[in-house]
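So the structure is just underneath, and the comments pick up after that.
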Amino acid sequence: MKWTEKYKCGFSNGSNFESVEFLLDVENSNETKLFFKAYDANLCPLPDASTWSKKWLKKQVKFLNTVVSKDFIGEVWLDDVLARSV
């Protein structure tokens, strides 16, 4: 399975003004690394994840790790933060 195909449509976490949209960065993703960029509900880019509060970042990383298949072997990135390394 080509992982970039599986996640190319992205996904969202939250509702209303607290929604975070995760879109796959296809140009930088490959079979061993998935890169996601974070956007707000209006698809405006959010600041890099490393600048978020620890609590908010932890919540988004936890969500990202539940959405990305456990059978994906490789790194999962949220902006400039390594969310998972398998």
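Numbering starts fresh at 1 for the residues of each chain in the structure tokens, the chains themselves are lettered A, B, ... in the order given, and ligands are numbered from 1 as they appear.
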Inset, instruction - Compile the contact shell of A:Ser50 as a list in words: residues with an atom at most 10 Å away, counting only C-alpha atoms, same-chain residues fewer than 3 positions apart removed. - result: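 The residues that qualify are Pro47, Ser53, Lys54, Leu57, Leu78, Asp79, Asp80, Val81 and Leu82 of chain A.
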Keeping C-alpha atoms, export the residues of the selection given above as a PDB file, in the first residue's frame.
```
ATOM      1  CA  PRO A  47       2.271  28.027  13.578  1.00  0.00           C
ATOM      2  CA  SER A  53       1.570  24.644  24.441  1.00  0.00           C
ATOM      3  CA  LYS A  54       2.695  21.237  25.678  1.00  0.00           C
ATOM      4  CA  LEU A  57       0.598  19.515  21.343  1.00  0.00           C
ATOM      5  CA  LEU A  78       3.435  16.961  12.701  1.00  0.00           C
ATOM      6  CA  ASP A  79       5.047  20.055  11.246  1.00  0.00           C
ATOM      7  CA  ASP A  80       8.448  20.150  12.937  1.00  0.00           C
ATOM      8  CA  VAL A  81       7.652  17.655  15.712  1.00  0.00           C
ATOM      9  CA  LEU A  82       8.331  13.926  15.545  1.00  0.00           C
TER      10      LEU A  82
END
```
Inset, instruction - Give me the residues within 6 Å of stretch 8-11 of chain A as number ranges by chain, counting only C-alpha atoms and dropping any in the same chain fewer than 2 places off. - result: A: 4-6, 21-24
Any chance you can output those residues with N, CA and C atoms as a PDB file, in the first residue's frame?
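again_36.pdb, freshly written:
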```pdb
ATOM      1  N   THR A   4       1.060   7.338   1.165  1.00  0.00           N
ATOM      2  CA  THR A   4       0.656   8.689   0.808  1.00  0.00           C
ATOM      3  C   THR A   4      -0.744   8.698   0.209  1.00  0.00           C
ATOM      4  N   GLU A   5      -1.131   7.635  -0.466  1.00  0.00           N
ATOM      5  CA  GLU A   5      -2.493   7.541  -1.018  1.00  0.00           C
ATOM      6  C   GLU A   5      -3.517   7.411   0.097  1.00  0.00           C
ATOM      7  N   LYS A   6      -3.195   6.630   1.119  1.00  0.00           N
ATOM      8  CA  LYS A   6      -4.130   6.385   2.219  1.00  0.00           C
ATOM      9  C   LYS A   6      -4.481   7.671   2.972  1.00  0.00           C
ATOM     10  N   GLU A  21      -6.919  20.837  11.353  1.00  0.00           N
ATOM     11  CA  GLU A  21      -6.942  20.038  10.127  1.00  0.00           C
ATOM     12  C   GLU A  21      -5.526  19.533   9.864  1.00  0.00           C
ATOM     13  N   PHE A  22      -5.406  18.247   9.630  1.00  0.00           N
ATOM     14  CA  PHE A  22      -4.113  17.632   9.339  1.00  0.00           C
ATOM     15  C   PHE A  22      -4.095  17.266   7.861  1.00  0.00           C
ATOM     16  N   LEU A  23      -3.199  17.880   7.116  1.00  0.00           N
ATOM     17  CA  LEU A  23      -3.075  17.570   5.696  1.00  0.00           C
ATOM     18  C   LEU A  23      -1.701  16.969   5.431  1.00  0.00           C
ATOM     19  N   LEU A  24      -1.701  15.914   4.638  1.00  0.00           N
ATOM     20  CA  LEU A  24      -0.466  15.226   4.312  1.00  0.00           C
ATOM     21  C   LEU A  24       0.403  16.094   3.408  1.00  0.00           C
TER      22      LEU A  24
END
```
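Minimum atom-to-atom distance to A:Val20, evaluated using only C-alpha atoms, belongs to A:Phe63 out of A:Leu34, A:Lys55, A:Phe63, A:Trp3.
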Legend entry - A:Asp40 environment, 8 Å, only C-alpha atoms, sequence neighbours closer than 2 positions dropped, as a ChimeraX atom specification: /A:17-21,38,42-46
Let's have the selection written as a tab-separated table (two decimals), in the first residue's frame, with all heavy atoms.
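Output file out28.tsv is given in full below:
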```
chain	number	residue	atom	x	y	z
A	17	PHE	N	-14.08	26.33	16.49
A	17	PHE	CA	-12.86	27.12	16.42
A	17	PHE	C	-11.62	26.39	16.93
A	17	PHE	O	-10.52	26.86	16.75
A	17	PHE	CB	-13.03	28.44	17.18
A	17	PHE	CG	-14.10	29.30	16.59
A	17	PHE	CD1	-15.31	29.47	17.23
A	17	PHE	CD2	-13.90	29.91	15.36
A	17	PHE	CE1	-16.30	30.26	16.68
A	17	PHE	CE2	-14.89	30.70	14.80
A	17	PHE	CZ	-16.10	30.87	15.46
A	18	GLU	N	-11.81	25.25	17.58
A	18	GLU	CA	-10.68	24.49	18.08
A	18	GLU	C	-10.28	23.36	17.14
A	18	GLU	O	-9.44	22.55	17.48
A	18	GLU	CB	-10.97	23.93	19.46
A	18	GLU	CG	-11.06	25.01	20.52
A	18	GLU	CD	-11.17	24.45	21.91
A	18	GLU	OE1	-11.20	23.22	22.08
A	18	GLU	OE2	-11.21	25.25	22.84
A	19	SER	N	-10.85	23.31	15.98
A	19	SER	CA	-10.55	22.25	15.03
A	19	SER	C	-9.15	22.42	14.44
A	19	SER	O	-8.73	23.52	14.11
A	19	SER	CB	-11.58	22.27	13.89
A	19	SER	OG	-11.27	21.29	12.94
A	20	VAL	N	-8.45	21.30	14.36
A	20	VAL	CA	-7.14	21.27	13.70
A	20	VAL	C	-7.27	20.34	12.51
A	20	VAL	O	-7.72	19.20	12.65
A	20	VAL	CB	-6.03	20.79	14.64
A	20	VAL	CG1	-4.71	20.68	13.89
A	20	VAL	CG2	-5.89	21.73	15.82
A	21	GLU	N	-6.92	20.84	11.35
A	21	GLU	CA	-6.94	20.04	10.13
A	21	GLU	C	-5.53	19.53	9.86
A	21	GLU	O	-4.57	20.31	9.90
A	21	GLU	CB	-7.41	20.88	8.94
A	21	GLU	CG	-8.75	21.57	9.15
A	21	GLU	CD	-9.90	20.60	9.25
A	21	GLU	OE1	-9.89	19.57	8.54
A	21	GLU	OE2	-10.82	20.86	10.04
A	38	ALA	N	-0.35	21.26	9.88
A	38	ALA	CA	-1.54	21.61	10.64
A	38	ALA	C	-2.13	22.93	10.16
A	38	ALA	O	-1.40	23.89	9.89
A	38	ALA	CB	-1.19	21.71	12.12
A	42	ASN	N	-10.32	27.08	8.80
A	42	ASN	CA	-10.43	27.80	7.53
A	42	ASN	C	-9.28	27.46	6.58
A	42	ASN	O	-9.09	28.14	5.58
A	42	ASN	CB	-10.45	29.31	7.79
A	42	ASN	CG	-11.68	29.72	8.54
A	42	ASN	OD1	-12.78	29.28	8.24
A	42	ASN	ND2	-11.49	30.54	9.56
A	43	LEU	N	-8.51	26.46	6.94
A	43	LEU	CA	-7.35	26.00	6.17
A	43	LEU	C	-6.23	27.05	6.07
A	43	LEU	O	-5.48	27.09	5.11
A	43	LEU	CB	-7.74	25.48	4.80
A	43	LEU	CG	-8.59	24.21	4.81
A	43	LEU	CD1	-8.89	23.76	3.39
A	43	LEU	CD2	-7.89	23.10	5.58
A	44	CYS	N	-6.15	27.87	7.11
A	44	CYS	CA	-5.00	28.77	7.23
A	44	CYS	C	-3.92	28.03	8.01
A	44	CYS	O	-4.23	27.37	9.01
A	44	CYS	CB	-5.39	30.04	7.99
A	44	CYS	SG	-6.52	31.09	7.07
A	45	PRO	N	-2.68	28.09	7.56
A	45	PRO	CA	-1.62	27.36	8.26
A	45	PRO	C	-1.49	27.80	9.71
A	45	PRO	O	-1.56	28.99	10.03
A	45	PRO	CB	-0.35	27.74	7.48
A	45	PRO	CG	-0.83	28.24	6.16
A	45	PRO	CD	-2.18	28.83	6.39
A	46	LEU	N	-1.32	26.83	10.59
A	46	LEU	CA	-1.06	27.12	11.99
A	46	LEU	C	0.44	27.28	12.19
A	46	LEU	O	1.24	26.82	11.38
A	46	LEU	CB	-1.58	25.97	12.87
A	46	LEU	CG	-3.09	25.80	12.92
A	46	LEU	CD1	-3.46	24.56	13.73
A	46	LEU	CD2	-3.75	27.03	13.52
```
Inset, instruction - Going by DSSP on the backbone, which bits of stretch 3-75 of chain A are helix (DSSP H, G or I)? Write them as a ChimeraX atom specification, please. - result: /A:3-7,16-18,49-51,54-67
Inset, instruction - Using backbone DSSP assignments, extract all strand (DSSP E) residues from chain A; output them as a PyMOL selection string. - result: chain A and resi 11-13+20-24+33-39+75-78+81-85
Inset, instruction - Rounded to one decimal place, report the atom CA of A:Lys33-atom CA of A:Gly74 distance in Å. - result: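 So the two atoms, atom CA of A:Lys33 and atom CA of A:Gly74, lie 5.5 Å apart.
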Legend entry - A:Tyr7, A:Asn13, A:Val26, A:Lys37 ranked by distance to A:Lys59, top pick (using only C-alpha atoms):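 Among A:Tyr7, A:Asn13, A:Val26, A:Lys37, it is A:Asn13 that comes nearest to A:Lys59.
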